Amino acid sequence: MDAAVSSPELVADPEALERLVEALRPEPVIALDTESNSFHVYRERVCLIQLSTREHDYVVDPLTVNVGPLGAVLTDGRETVLHGADYDVRCLKREYGWRLPRLFDTMAAARRLGRRELGLSALVHGQFGVRLSKTFQRSDWGRRPLDPAQLAYAALDTHFLLPLHAQLAAELEGRGATEAARAEFDRIATAEPREKVFDPEGYRRLPRARDLDPAGRGVLRALWIAREARAREADRPPFKVLAEETLVLIAQARPRTVEELARVRGVTPAVLRRMGDDVLRAVRDAAQAPGG
């Protein structure tokens, strides 16, 4: 059985947000999720906020509307239901300073109840016989406009959370496990944002990095740093600037010319255009360094 959910309401202007806030005020429990664009940029940001009540699904576009008024509702002490909440908690604190005082994490609850499969799709299928699509799992949520299929997909992440919450909460209560689960939810709610910190020695953890000789490791370190600088400048994830496997292959080959570099597996014309000069400079500088 496939999920069949009516189109969510898109909230993308101040008037729609005001109506949403008023609609949420009487709700004792709200389902919540976020979509970020970490797969597509160097520094991620929250691109969508999905919300569901018992009757309606909403998708808020924080790139087009100031979501500040929404925070007053979500952080006033009503229960908020999330799945795998740690990441969303960090994102919401980083972007808006929101703290969720009464969080219920359906993943943590399912784990405590002994469920083997903890993904939202597996839980929804197990509880309701519905299969959630993964079509837009790697979407660039920062691109606009979003099409209706993307919005419907995003809304499914919260659409089933409230009935799932009701079932899991009842099971926890039946087993006398509510208090312990609540303590775990409270710990999850204290998660703090993690500052993005570049480790110049992180290249050592790459597969096959240890197989390189000292000169090769020097080249790999220089490439690692050069890739990070270009990724930051271009606002792209480092792995999309130059794949890690290709970094190691370049460190093995140590090309000195564009022609030699072009023969390394994984070095596409786009890589040559985007980073060719940086790569050759890193190889040259590493070779000239003491011990290179």
# chains A, B, ... in the order shown; residues from 1 in each chain; ligands from 1
$ residues_around --residues "region 231-248 of chain A" --least-positions-apart "5" --cutoff "8 Å" --atoms "only C-alpha atoms" --output "list of chain:residue names"
A:Ser38, A:Phe39, A:His40, A:Val41, A:Tyr42, A:Arg43, A:Leu206, A:Pro207, A:Arg208, A:Ala209, A:Leu220, A:Leu223, A:Trp224, A:Val264, A:Arg265, A:Gly266, A:Val267, A:Val271, A:Arg274, A:Met275
$ select_by_dssp --residues "region 112-248 of chain A" --states "alpha helix (DSSP H)" --output "number ranges by chain"
A: 112, 120-128, 148-159, 161-174, 178-189, 214-234, 238-241, 244-248
$ select_by_dssp --residues "region 83-282 of chain A" --states "strand (DSSP E)" --output "list in words"
Arg102, Leu103, Phe104 and Asp105 of chain A
$ residues_around --residues "region 52-65 of chain A" --least-positions-apart "2" --cutoff "6 Å" --atoms "only C-alpha atoms" --output "ChimeraX atom specification"
/A:8-13,30-31,48-50,67,158-159
$ residues_around --residues "Arg99 (chain A)" --least-positions-apart "6" --cutoff "12 Å" --atoms "only C-alpha atoms" --output "number ranges by chain"
A: 71-80, 85-86, 88-93, 186, 188-193
$ residues_around --residues "Leu272 (chain A)" --least-positions-apart "5" --cutoff "9 Å" --atoms "only C-alpha atoms" --output "number ranges by chain"
A: 258, 261-262, 267, 277, 279
$ atom_distance --atom1 "CA of Arg138 (chain A)" --atom2 "CA of Arg111 (chain A)"
25.5 Å
$ residues_around --residues "Arg175 (chain A)" --least-positions-apart "6" --cutoff "12 Å" --atoms "only C-alpha atoms" --output "list in words"
Ala109, Arg112, Leu113, Gly114, Leu168, Ala169 and Ala181 of chain A
